Every structure is written in structure tokens, then in C-alpha cells.
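Source file: data-v4.pdb. Holds: PDB, C-alpha atoms.
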ATOM      1  CA  GLU A   1       0.000   0.000   0.000
ATOM      2  CA  LEU A   2       2.824   2.418   0.836
ATOM      3  CA  LEU A   3       4.816   1.669  -2.307
ATOM      4  CA  ASP A   4       2.168   1.319  -5.005
ATOM      5  CA  GLU A   5       1.815   5.020  -5.737
ATOM      6  CA  ARG A   6       4.390   5.083  -8.529
ATOM      7  CA  ALA A   7       7.026   3.047 -10.365
ATOM      8  CA  ASP A   8       9.390   1.115  -8.141
ATOM      9  CA  ALA A   9      12.415   3.409  -8.551
ATOM     10  CA  VAL A  10      12.443   7.112  -7.661
ATOM     11  CA  LEU A  11      16.192   7.752  -7.567
ATOM     12  CA  PRO A  12      17.974   9.117 -10.640
ATOM     13  CA  PRO A  13      19.521   6.148 -12.510
ATOM     14  CA  ASP A  14      23.069   7.476 -12.097
ATOM     15  CA  VAL A  15      22.942   7.499  -8.276
ATOM     16  CA  PRO A  16      25.045   4.507  -7.117
ATOM     17  CA  LEU A  17      23.527   2.277  -4.472
ATOM     18  CA  PRO A  18      25.401   0.424  -1.720
ATOM     19  CA  VAL A  19      26.359  -3.017  -3.010
ATOM     20  CA  LEU A  20      25.290  -5.831  -0.696
ATOM     21  CA  PRO A  21      27.151  -9.160  -0.743
ATOM     22  CA  GLU A  22      25.406 -11.747  -2.906
ATOM     23  CA  PRO A  23      25.396 -14.354  -0.077
ATOM     24  CA  LEU A  24      23.528 -11.850   2.122
ATOM     25  CA  LEU A  25      20.873 -11.303  -0.529
ATOM     26  CA  ARG A  26      20.561 -15.077  -1.012
ATOM     27  CA  PHE A  27      20.333 -15.595   2.768
ATOM     28  CA  ASN A  28      17.674 -12.893   2.945
ATOM     29  CA  ARG A  29      15.540 -14.607   0.302
ATOM     30  CA  ARG A  30      15.911 -18.122   1.730
ATOM     31  CA  SER A  31      15.378 -17.069   5.354
ATOM     32  CA  ALA A  32      11.907 -15.825   4.427
ATOM     33  CA  ASP A  33      10.900 -19.486   3.950
ATOM     34  CA  PRO A  34       9.596 -20.802   7.306
ATOM     35  CA  ASP A  35      10.591 -24.364   6.332
ATOM     36  CA  VAL A  36      14.223 -23.639   5.485
ATOM     37  CA  ARG A  37      16.820 -25.621   7.481
ATOM     38  CA  LEU A  38      19.416 -23.852   9.633
ATOM     39  CA  ALA A  39      22.176 -25.866   7.978
ATOM     40  CA  GLU A  40      21.259 -24.455   4.567
ATOM     41  CA  LEU A  41      21.209 -20.867   5.859
ATOM     42  CA  ALA A  42      24.509 -21.332   7.667
ATOM     43  CA  ALA A  43      26.082 -22.749   4.503
ATOM     44  CA  ILE A  44      25.013 -19.664   2.525
ATOM     45  CA  LEU A  45      26.613 -17.274   5.023
ATOM     46  CA  ASP A  46      29.711 -19.419   5.452
ATOM     47  CA  ARG A  47      30.652 -18.718   1.817
ATOM     48  CA  ASP A  48      31.535 -15.156   2.793
ATOM     49  CA  ALA A  49      34.086 -14.849   5.608
ATOM     50  CA  SER A  50      33.376 -11.135   6.105
ATOM     51  CA  LEU A  51      29.681 -11.876   6.623
ATOM     52  CA  VAL A  52      30.480 -14.551   9.208
ATOM     53  CA  CYS A  53      32.766 -12.106  11.050
ATOM     54  CA  GLU A  54      30.066  -9.433  10.939
ATOM     55  CA  LEU A  55      27.470 -11.875  12.228
ATOM     56  CA  LEU A  56      29.573 -13.156  15.128
ATOM     57  CA  ARG A  57      30.750  -9.653  16.050
ATOM     58  CA  THR A  58      27.161  -8.387  16.095
ATOM     59  CA  VAL A  59      25.640 -11.430  17.810
ATOM     60  CA  ASN A  60      28.297 -11.525  20.533
ATOM     61  CA  ALA A  61      28.107  -7.794  21.295
ATOM     62  CA  SER A  62      27.056  -7.075  24.863
ATOM     63  CA  ALA A  63      23.994  -5.160  23.649
ATOM     64  CA  VAL A  64      22.480  -8.365  22.243
ATOM     65  CA  GLY A  65      22.504  -9.916  25.703
ATOM     66  CA  LEU A  66      23.340 -13.557  24.988
ATOM     67  CA  ARG A  67      24.387 -15.565  28.034
ATOM     68  CA  GLN A  68      26.672 -17.766  25.960
ATOM     69  CA  LYS A  69      28.819 -16.718  23.031
ATOM     70  CA  ALA A  70      28.199 -17.985  19.512
ATOM     71  CA  ALA A  71      31.261 -19.585  17.942
ATOM     72  CA  SER A  72      29.767 -20.476  14.546
ATOM     73  CA  THR A  73      27.100 -19.381  12.093
ATOM     74  CA  THR A  74      24.867 -22.327  12.999
ATOM     75  CA  GLN A  75      25.187 -21.515  16.701
ATOM     76  CA  ALA A  76      24.296 -17.879  16.101
ATOM     77  CA  LEU A  77      21.204 -18.893  14.148
ATOM     78  CA  SER A  78      20.217 -21.395  16.819
ATOM     79  CA  LEU A  79      20.739 -19.027  19.760
ATOM     80  CA  LEU A  80      19.046 -15.964  18.297
ATOM     81  CA  GLY A  81      16.630 -17.395  15.775
ATOM     82  CA  VAL A  82      16.588 -16.839  12.026
ATOM     83  CA  ARG A  83      14.447 -13.709  12.061
ATOM     84  CA  ARG A  84      16.570 -11.857  14.613
ATOM     85  CA  VAL A  85      19.810 -12.810  12.847
ATOM     86  CA  ARG A  86      18.305 -11.618   9.584
ATOM     87  CA  LEU A  87      17.482  -8.198  11.049
ATOM     88  CA  LEU A  88      20.833  -7.835  12.806
ATOM     89  CA  LEU A  89      22.844  -8.830   9.762
ATOM     90  CA  LEU A  90      20.910  -6.695   7.276
ATOM     91  CA  SER A  91      21.112  -3.583   9.419
ATOM     92  CA  ALA A  92      24.794  -4.081  10.301
ATOM     93  CA  VAL A  93      25.884  -4.588   6.690
ATOM     94  CA  VAL A  94      23.816  -1.726   5.277
ATOM     95  CA  GLU A  95      25.072   0.613   8.018
ATOM     96  CA  ARG A  96      28.671  -0.372   7.255
ATOM     97  CA  GLN A  97      28.151   0.163   3.528
ATOM     98  CA  ALA A  98      26.641   3.615   4.052
ATOM     99  CA  ALA A  99      29.416   4.698   6.422
ATOM    100  CA  ALA A 100      32.017   3.636   3.827
ATOM    101  CA  MET A 101      30.749   6.030   1.154
ATOM    102  CA  LYS A 102      32.791   9.010   0.005
ATOM    103  CA  SER A 103      31.607  11.346   2.770
ATOM    104  CA  LEU A 104      34.187  13.006   5.017
ATOM    105  CA  PRO A 105      35.455  10.692   7.793
ATOM    106  CA  LEU A 106      34.164  13.034  10.516
ATOM    107  CA  TYR A 107      30.686  13.099   8.983
ATOM    108  CA  ALA A 108      30.693   9.292   8.622
ATOM    109  CA  LYS A 109      31.589   8.943  12.321
ATOM    110  CA  LEU A 110      28.854  11.367  13.428
ATOM    111  CA  PHE A 111      26.362   9.674  11.096
ATOM    112  CA  ALA A 112      27.108   6.256  12.602
ATOM    113  CA  ARG A 113      26.730   7.626  16.145
ATOM    114  CA  ALA A 114      23.415   9.325  15.337
ATOM    115  CA  ASN A 115      22.140   6.093  13.785
ATOM    116  CA  LEU A 116      23.042   4.137  16.911
ATOM    117  CA  GLU A 117      21.335   6.706  19.158
ATOM    118  CA  ARG A 118      18.147   6.512  17.096
ATOM    119  CA  ALA A 119      18.263   2.719  17.002
ATOM    120  CA  THR A 120      18.692   2.462  20.778
ATOM    121  CA  PHE A 121      15.884   4.929  21.406
ATOM    122  CA  ALA A 122      13.638   3.062  18.942
ATOM    123  CA  ARG A 123      14.277  -0.258  20.706
ATOM    124  CA  VAL A 124      13.350   1.167  24.127
ATOM    125  CA  ALA A 125      10.270   2.930  22.722
ATOM    126  CA  ALA A 126       9.125  -0.265  20.991
ATOM    127  CA  GLU A 127       9.504  -2.285  24.183
ATOM    128  CA  ARG A 128       7.419   0.315  26.067
ATOM    129  CA  LEU A 129       4.741  -0.077  23.380
ATOM    130  CA  GLY A 130       4.877  -3.874  23.605
ATOM    131  CA  ALA A 131       6.265  -3.990  20.047
ATOM    132  CA  ASP A 132       9.246  -5.724  18.425
ATOM    133  CA  GLY A 133      12.421  -4.127  19.810
ATOM    134  CA  ASP A 134      14.752  -5.850  17.335
ATOM    135  CA  LEU A 135      12.710  -4.633  14.383
ATOM    136  CA  ALA A 136      12.647  -1.083  15.763
ATOM    137  CA  PHE A 137      16.418  -1.178  16.375
ATOM    138  CA  ALA A 138      17.052  -2.278  12.777
ATOM    139  CA  ALA A 139      14.730   0.445  11.481
ATOM    140  CA  GLY A 140      16.531   3.063  13.571
ATOM    141  CA  LEU A 141      19.878   2.006  12.137
ATOM    142  CA  MET A 142      18.680   1.857   8.562
ATOM    143  CA  GLN A 143      16.211   4.717   8.208
ATOM    144  CA  ASP A 144      18.827   7.164   6.869
ATOM    145  CA  PHE A 145      21.232   4.773   5.175
ATOM    146  CA  LEU A 146      20.779   6.436   1.756
ATOM    147  CA  LEU A 147      21.485   9.966   2.980
ATOM    148  CA  PRO A 148      25.311   9.787   2.660
ATOM    149  CA  VAL A 149      24.879   8.559  -0.929
ATOM    150  CA  LEU A 150      22.425  11.329  -1.775
ATOM    151  CA  MET A 151      24.580  13.993  -0.131
ATOM    152  CA  ASP A 152      27.574  12.852  -2.184
ATOM    153  CA  GLU A 153      25.806  12.453  -5.522
ATOM    154  CA  LEU A 154      23.375  15.387  -5.281
ATOM    155  CA  SER A 155      25.604  17.651  -3.217
ATOM    156  CA  PRO A 156      24.437  21.068  -4.581
ATOM    157  CA  VAL A 157      20.809  20.153  -3.817
ATOM    158  CA  TYR A 158      21.584  18.903  -0.306
ATOM    159  CA  GLU A 159      23.846  21.863   0.469
ATOM    160  CA  GLY A 160      20.840  24.051  -0.333
ATOM    161  CA  PHE A 161      18.694  21.954   1.998
ATOM    162  CA  ALA A 162      21.277  22.327   4.774
ATOM    163  CA  ALA A 163      21.296  26.109   4.382
ATOM    164  CA  THR A 164      17.482  26.231   4.472
ATOM    165  CA  LEU A 165      17.360  24.059   7.596
ATOM    166  CA  ALA A 166      19.959  26.228   9.339
ATOM    167  CA  THR A 167      18.021  29.408   8.504
ATOM    168  CA  ALA A 168      14.741  27.885   9.726
ATOM    169  CA  ASP A 169      16.387  26.712  12.936
ATOM    170  CA  ALA A 170      17.851  30.164  13.622
ATOM    171  CA  ALA A 171      14.410  31.705  13.101
ATOM    172  CA  GLY A 172      12.709  29.122  15.329
ATOM    173  CA  ARG A 173      10.644  27.750  12.435
ATOM    174  CA  SER A 174       9.763  24.083  11.948
ATOM    175  CA  CYS A 175      11.311  22.474   8.881
ATOM    176  CA  ASP A 176      12.701  19.038   8.094
ATOM    177  CA  MET A 177      14.767  17.376   5.415
ATOM    178  CA  ALA A 178      11.941  15.167   4.124
ATOM    179  CA  GLU A 179       9.707  18.190   3.450
ATOM    180  CA  LEU A 180      12.478  19.871   1.472
ATOM    181  CA  GLU A 181      13.189  16.700  -0.503
ATOM    182  CA  ARG A 182       9.539  16.217  -1.432
ATOM    183  CA  GLY A 183       9.187  19.860  -2.477
ATOM    184  CA  SER A 184      12.312  19.878  -4.622
ATOM    185  CA  LEU A 185      12.732  16.281  -5.815
ATOM    186  CA  GLY A 186       9.215  14.845  -5.622
ATOM    187  CA  TRP A 187      10.353  12.114  -3.204
ATOM    188  CA  ASP A 188      12.184  11.889   0.108
ATOM    189  CA  HIS A 189      14.973   9.660   1.385
ATOM    190  CA  ALA A 190      12.479   7.548   3.370
ATOM    191  CA  GLU A 191      10.571   6.565   0.231
ATOM    192  CA  ALA A 192      13.761   6.057  -1.782
ATOM    193  CA  ALA A 193      15.298   3.844   0.925
ATOM    194  CA  ALA A 194      12.111   1.786   1.295
ATOM    195  CA  ARG A 195      11.971   1.146  -2.453
ATOM    196  CA  VAL A 196      15.624   0.091  -2.545
ATOM    197  CA  MET A 197      15.088  -2.238   0.433
ATOM    198  CA  HIS A 198      11.943  -3.681  -1.164
ATOM    199  CA  GLY A 199      13.938  -4.395  -4.307
ATOM    200  CA  TRP A 200      16.564  -6.172  -2.209
ATOM    201  CA  GLY A 201      13.871  -8.412  -0.709
ATOM    202  CA  PHE A 202      14.087  -7.022   2.829
ATOM    203  CA  PRO A 203      11.288  -7.973   5.279
ATOM    204  CA  ASP A 204       8.081  -6.051   4.604
ATOM    205  CA  ASP A 205       7.738  -4.884   8.211
ATOM    206  CA  LEU A 206      11.253  -3.384   8.142
ATOM    207  CA  VAL A 207      10.546  -1.686   4.793
ATOM    208  CA  CYS A 208       7.339  -0.263   6.296
ATOM    209  CA  CYS A 209       9.169   1.142   9.334
ATOM    210  CA  VAL A 210      11.744   2.893   7.139
ATOM    211  CA  ARG A 211       9.097   4.214   4.716
ATOM    212  CA  LEU A 212       7.100   5.793   7.569
ATOM    213  CA  HIS A 213       9.909   7.129   9.740
ATOM    214  CA  HIS A 214       9.272  10.778   8.770
ATOM    215  CA  ASP A 215       5.486  10.430   9.105
ATOM    216  CA  ALA A 216       5.042  10.451  12.899
ATOM    217  CA  GLU A 217       1.617  12.140  12.792
ATOM    218  CA  ARG A 218       0.363   9.732  10.119
ATOM    219  CA  VAL A 219       1.609   6.763  12.136
ATOM    220  CA  ALA A 220       0.083   8.057  15.369
ATOM    221  CA  GLY A 221      -3.324   8.319  13.701
ATOM    222  CA  ASP A 222      -3.311   4.854  12.123
ATOM    223  CA  ASP A 223      -4.451   2.049  14.432
ATOM    224  CA  ARG A 224      -2.731  -0.526  12.211
ATOM    225  CA  VAL A 225       0.740   0.774  13.077
ATOM    226  CA  ASN A 226       0.576   3.199  16.007
ATOM    227  CA  ARG A 227       1.653   0.631  18.589
ATOM    228  CA  THR A 228       4.205  -1.183  16.433
ATOM    229  CA  ALA A 229       7.915  -0.808  15.705
ATOM    230  CA  ALA A 230       6.945   1.709  13.003
ATOM    231  CA  ALA A 231       5.718   4.073  15.721
ATOM    232  CA  ALA A 232       8.961   3.668  17.650
ATOM    233  CA  ALA A 233      11.034   4.337  14.505
ATOM    234  CA  SER A 234       9.038   7.476  13.703
ATOM    235  CA  LEU A 235       9.580   8.763  17.245
ATOM    236  CA  ALA A 236      13.310   8.060  16.988
ATOM    237  CA  ALA A 237      13.456  10.076  13.762
ATOM    238  CA  LEU A 238      12.362  13.163  15.752
ATOM    239  CA  LEU A 239      15.585  13.115  17.760
ATOM    240  CA  PRO A 240      17.901  15.994  16.760
ATOM    241  CA  ASP A 241      21.079  14.972  14.927
TER
END
Step by step, read the file and then write its structure as C-alpha cells.
Amino acid sequence: ELLDERADAVLPPDVPLPVLPEPLLRFNRRSADPDVRLAELAAILDRDASLVCELLRTVNASAVGLRQKAASTTQALSLLGVRRVRLLLLSAVVERQAAAMKSLPLYAKLFARANLERATFARVAAERLGADGDLAFAAGLMQDFLLPVLMDELSPVYEGFAATLATADAAGRSCDMAELERGSLGWDHAEAAARVMHGWGFPDDLVCCVRLHHDAERVAGDDRVNRTAAAAASLAALLPD
């Protein structure tokens, strides 16, 4: 419903997208099958050593809260469950890809920190709502993953947005990036990111959270989503950078 308003792509064709590892995309597609065996999923990830390292680093981080450490892909899948591993791995890899774009190192570091703050806030908000904290955390990490790409590739446009936002802030007026994008480009980074993620085969609920993250009022007024991870992600997007 959120994505059927126009053709699947809204980004200019010359804007490069982050390139996700093929094993991750294959894992993402196969893990959507409720009957898939853990051994098959583990074998897909095990073909890419960097993915295995990313998975074990993420799964064994203190924030995940496992009582015992995972020493293998199969163990990680068994301890956390396929769905949670899928969310953790997708968000970690996309965040890493975005932070590795051409942006200045200082900006990349601040961007990563802001993402983590939003993700943490979204998880806590989701848990207070009785919603899925892992889904909200992933949405918080991923909601702005296209912004570094857009700022690099459409820099004159985004420099103009930055100047407008600074002027509005100094004058005490309300203004946000998504409004400026829609007025100038006809789309915003939330819609563009959701369409890219949909094309990659990401989970529909995660795509929905990212698509709605700049629509807090719309989410609050919709009983289908106002007590879900989408609500938590839209609240997290209101945090100042």
C-alpha cells in the first residue's frame, strides 16, 4: 500500500547504491521461507568470511545480551533465531556500507553515532509499546542509510537543503529534510530507501518502518501501526542529529 503510488524506482539512474554481498541477498531470500533448514542458511553465510565475522561480532556484542557466546554461524542462528539474525545482519551490513561512502570521515563517524542513538531509542520505545524491539532497532539504524549517498551524488541540492534548515532553525521555524526533498525532488529519502530495500527483498515490516519514519503524525493516527515498531522508529526520527 505504501509503495504502489508510482514506479518502483524514484532515484535518478546514475545514483550509485550500496552493493550488498550476494550471499547476504541469497540468505535474505531463503530465510523468508519458514521451512528452510538452519544448515542451509549457515552454509550460505559461510561462503563469505566477512559476513560470518560481521554476524559473530554483532551477535556476541554485549547489547544483544546472549548468556553464551556464539562460535559459529549455525550456533548464532540457533541461539538468536533466524528472524533476529536476519534483522541484525541486514542492518549491520547496510550501516557499514553507508558509512564507507565518500563522505568526510568526521561526517561518517557522526552519522554512525546518530544512527546508533536513534536505534537504541527506537528499541526502548518499541519495548514500552509492547512492540518488536529488534525490528525497531534495525529500522533506527537503517532509516537514513541512503542519505550519505544522496549527499555525495546530489551535493548542490543537499547543500541548499542544509542552508534552508539552518536558517529555519535560527528563526525558530519548523522544517525538516523530508519536506524539502519532497518539495524539490518529488520524493524523500524515506521513500527512496524503502523502495531500494523492497527491491533487495528485505522484510516487509522493516521496509514499512523505514518508509514511515518521517510520518510520525500519520503513524500516530493509524491504528494498524501506532503501537508497532513503526511508531517507535518514527519517534526516533524526531531526535535531533
If the PyMOL selection byres ((chain A and resi 153) around 12) were run on this exact file, what residues would it hold? Put them as a short mmCIF file (atom, residue, chain, number, x, y, z; two decimals) with C-alpha atoms, keeping the file's coordinate frame.
data_model
loop_
_atom_site.label_atom_id
_atom_site.label_comp_id
_atom_site.auth_asym_id
_atom_site.auth_seq_id
_atom_site.Cartn_x
_atom_site.Cartn_y
_atom_site.Cartn_z
CA LEU A 11 16.19 7.75 -7.57
CA PRO A 12 17.97 9.12 -10.64
CA PRO A 13 19.52 6.15 -12.51
CA ASP A 14 23.07 7.48 -12.10
CA VAL A 15 22.94 7.50 -8.28
CA PRO A 16 25.04 4.51 -7.12
CA LEU A 17 23.53 2.28 -4.47
CA MET A 101 30.75 6.03 1.15
CA LYS A 102 32.79 9.01 0.00
CA SER A 103 31.61 11.35 2.77
CA LEU A 146 20.78 6.44 1.76
CA LEU A 147 21.48 9.97 2.98
CA PRO A 148 25.31 9.79 2.66
CA VAL A 149 24.88 8.56 -0.93
CA LEU A 150 22.42 11.33 -1.78
CA MET A 151 24.58 13.99 -0.13
CA ASP A 152 27.57 12.85 -2.18
CA LEU A 154 23.38 15.39 -5.28
CA SER A 155 25.60 17.65 -3.22
CA PRO A 156 24.44 21.07 -4.58
CA VAL A 157 20.81 20.15 -3.82
CA TYR A 158 21.58 18.90 -0.31
CA GLU A 159 23.85 21.86 0.47
#
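If all atoms listed in the file are the atoms counted, then among A:Arg47, A:Arg128, A:Arg173, A:His214 the closest residue to A:His189 is A:His214.
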Checklist line | Answer key for the PyMOL selection byres ((chain A and resi 116-119) around 6), residues as number ranges by chain | finding: A: 113-115, 120-122, 137, 140-141, 236
Next item on the list: Choose the residue, out of A:Arg67, A:Arg57, A:His198, A:Lys109, that has the smallest atom-to-atom separation from A:Leu88; count only C-alpha atoms.
Entry: A:Arg57
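Restricting the calculation to all atoms listed in the file, the smallest distance between A:Phe202 and any of A:Gln97, A:Ser50, A:Asn60, A:Ser91 is found for A:Ser91.
Residues in contact with A:Ala178 at 9 Å, where all atoms listed in the file are counted and same-chain residues fewer than 3 positions away are skipped, are listed as Cys175, Glu181, Arg182, Gly183, Trp187, Asp188, His189, Ala190 and His214 of chain A.
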Item checked: Between atom CA of A:Arg84 and atom CA of A:Asp134, distance in Å (one decimal) -> 6.8 Å
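Take the candidates A:Leu185, A:Leu24, A:Ala139, A:Asp176 and check each one against A:Ser234 using all atoms listed in the file; the shortest distance goes to A:Ala139.
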Note to self: Give me the residues near A:Leu51 as a PyMOL selection string, where near means some atom within 9 Å (using all atoms listed in the file) and where sequence neighbours in that chain fewer than 4 positions away do not count.
What the structure shows: chain A and resi 21+23-24+45-47+55-56+89+93
Next item on the list: Check the smallest atom-to-atom distance from each of A:Val82, A:Leu239, A:Leu3, A:His213 to A:Arg195 using all atoms listed in the file, then report the winner.
Entry: A:Leu3
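Put simply, atom CA of A:Leu165 is 15.8 Å away from atom CA of A:Ala237.
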Note to self: Given the PyMOL selection byres ((chain A and resi 228) around 10) and the file above, list the residues it selects as a list of chain:residue names.
What the structure shows: A:Ala125, A:Ala126, A:Glu127, A:Leu129, A:Gly130, A:Ala131, A:Asp132, A:Gly133, A:Leu135, A:Ala136, A:Asp205, A:Cys209, A:Val219, A:Asp223, A:Arg224, A:Val225, A:Asn226, A:Arg227, A:Ala229, A:Ala230, A:Ala231, A:Ala232, A:Ala233
Next item on the list: Name the residues in contact with A:Asp33 at a cut-off of 12 Å, using only C-alpha atoms, excluding same-chain residues fewer than 6 positions from it; report them as a ChimeraX atom specification.
Entry: /A:26-27,40-41,82-83,203
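Straight-line separation from atom CA of A:Leu66 to atom CA of A:Arg86: 16.3 Å.
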Exercise: stretch 72-81 of chain A partners within 7 Å, only C-alpha atoms, chain neighbours under 3 positions left out, as an mmCIF file with C-alpha atoms, keeping the file's coordinate frame:
data_model
loop_
_atom_site.group_PDB
_atom_site.id
_atom_site.type_symbol
_atom_site.label_atom_id
_atom_site.label_comp_id
_atom_site.auth_asym_id
_atom_site.auth_seq_id
_atom_site.Cartn_x
_atom_site.Cartn_y
_atom_site.Cartn_z
ATOM 1 C CA LEU A 38 19.416 -23.852 9.633
ATOM 2 C CA ALA A 39 22.176 -25.866 7.978
ATOM 3 C CA ALA A 42 24.509 -21.332 7.667
ATOM 4 C CA VAL A 52 30.480 -14.551 9.208
ATOM 5 C CA VAL A 59 25.640 -11.430 17.810
ATOM 6 C CA ARG A 84 16.570 -11.857 14.613
ATOM 7 C CA VAL A 85 19.810 -12.810 12.847
#
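The closest residue to A:Gly160, picked from A:Leu180, A:Leu2, A:Leu90, A:Met142 and counting all atoms listed in the file, is A:Leu180.
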Completion of stretch 211-225 of chain A up to N, CA, C and O atoms, as a compact mmCIF listing (two decimals), keeping the file's coordinate frame:
# COMPACT_ATOMS: atom_id res chain seq x y z
N ARG A 211 9.93 3.35 5.57
CA ARG A 211 9.10 4.21 4.72
C ARG A 211 8.35 5.26 5.55
O ARG A 211 8.15 6.40 5.10
N LEU A 212 7.94 4.90 6.76
CA LEU A 212 7.10 5.79 7.57
C LEU A 212 7.88 6.62 8.59
O LEU A 212 7.26 7.35 9.38
N HIS A 213 9.21 6.55 8.59
CA HIS A 213 9.91 7.13 9.74
C HIS A 213 9.82 8.66 9.81
O HIS A 213 10.05 9.24 10.87
N HIS A 214 9.48 9.33 8.71
CA HIS A 214 9.27 10.78 8.77
C HIS A 214 7.79 11.15 8.78
O HIS A 214 7.45 12.30 8.49
N ASP A 215 6.93 10.19 9.10
CA ASP A 215 5.49 10.43 9.10
C ASP A 215 4.90 10.13 10.48
O ASP A 215 3.94 9.37 10.62
N ALA A 216 5.46 10.76 11.52
CA ALA A 216 5.04 10.45 12.90
C ALA A 216 3.55 10.72 13.12
O ALA A 216 2.86 9.94 13.78
N GLU A 217 3.04 11.82 12.58
CA GLU A 217 1.62 12.14 12.79
C GLU A 217 0.73 11.11 12.07
O GLU A 217 -0.30 10.69 12.61
N ARG A 218 1.12 10.74 10.87
CA ARG A 218 0.36 9.73 10.12
C ARG A 218 0.35 8.40 10.86
O ARG A 218 -0.68 7.74 10.98
N VAL A 219 1.50 8.02 11.40
CA VAL A 219 1.61 6.76 12.14
C VAL A 219 0.75 6.81 13.40
O VAL A 219 0.03 5.86 13.72
N ALA A 220 0.84 7.93 14.12
CA ALA A 220 0.08 8.06 15.37
C ALA A 220 -1.42 7.94 15.15
O ALA A 220 -2.15 7.45 16.02
N GLY A 221 -1.90 8.36 13.96
CA GLY A 221 -3.32 8.32 13.70
C GLY A 221 -3.82 7.05 13.04
O GLY A 221 -5.01 6.93 12.74
N ASP A 222 -2.94 6.09 12.82
CA ASP A 222 -3.31 4.85 12.12
C ASP A 222 -3.24 3.68 13.10
O ASP A 222 -2.16 3.29 13.54
N ASP A 223 -4.40 3.13 13.44
CA ASP A 223 -4.45 2.05 14.43
C ASP A 223 -3.73 0.78 13.98
O ASP A 223 -3.43 -0.08 14.81
N ARG A 224 -3.45 0.66 12.69
CA ARG A 224 -2.73 -0.53 12.21
C ARG A 224 -1.26 -0.51 12.62
O ARG A 224 -0.62 -1.55 12.71
N VAL A 225 -0.71 0.68 12.84
CA VAL A 225 0.74 0.77 13.08
C VAL A 225 1.13 1.60 14.30
O VAL A 225 2.32 1.64 14.65
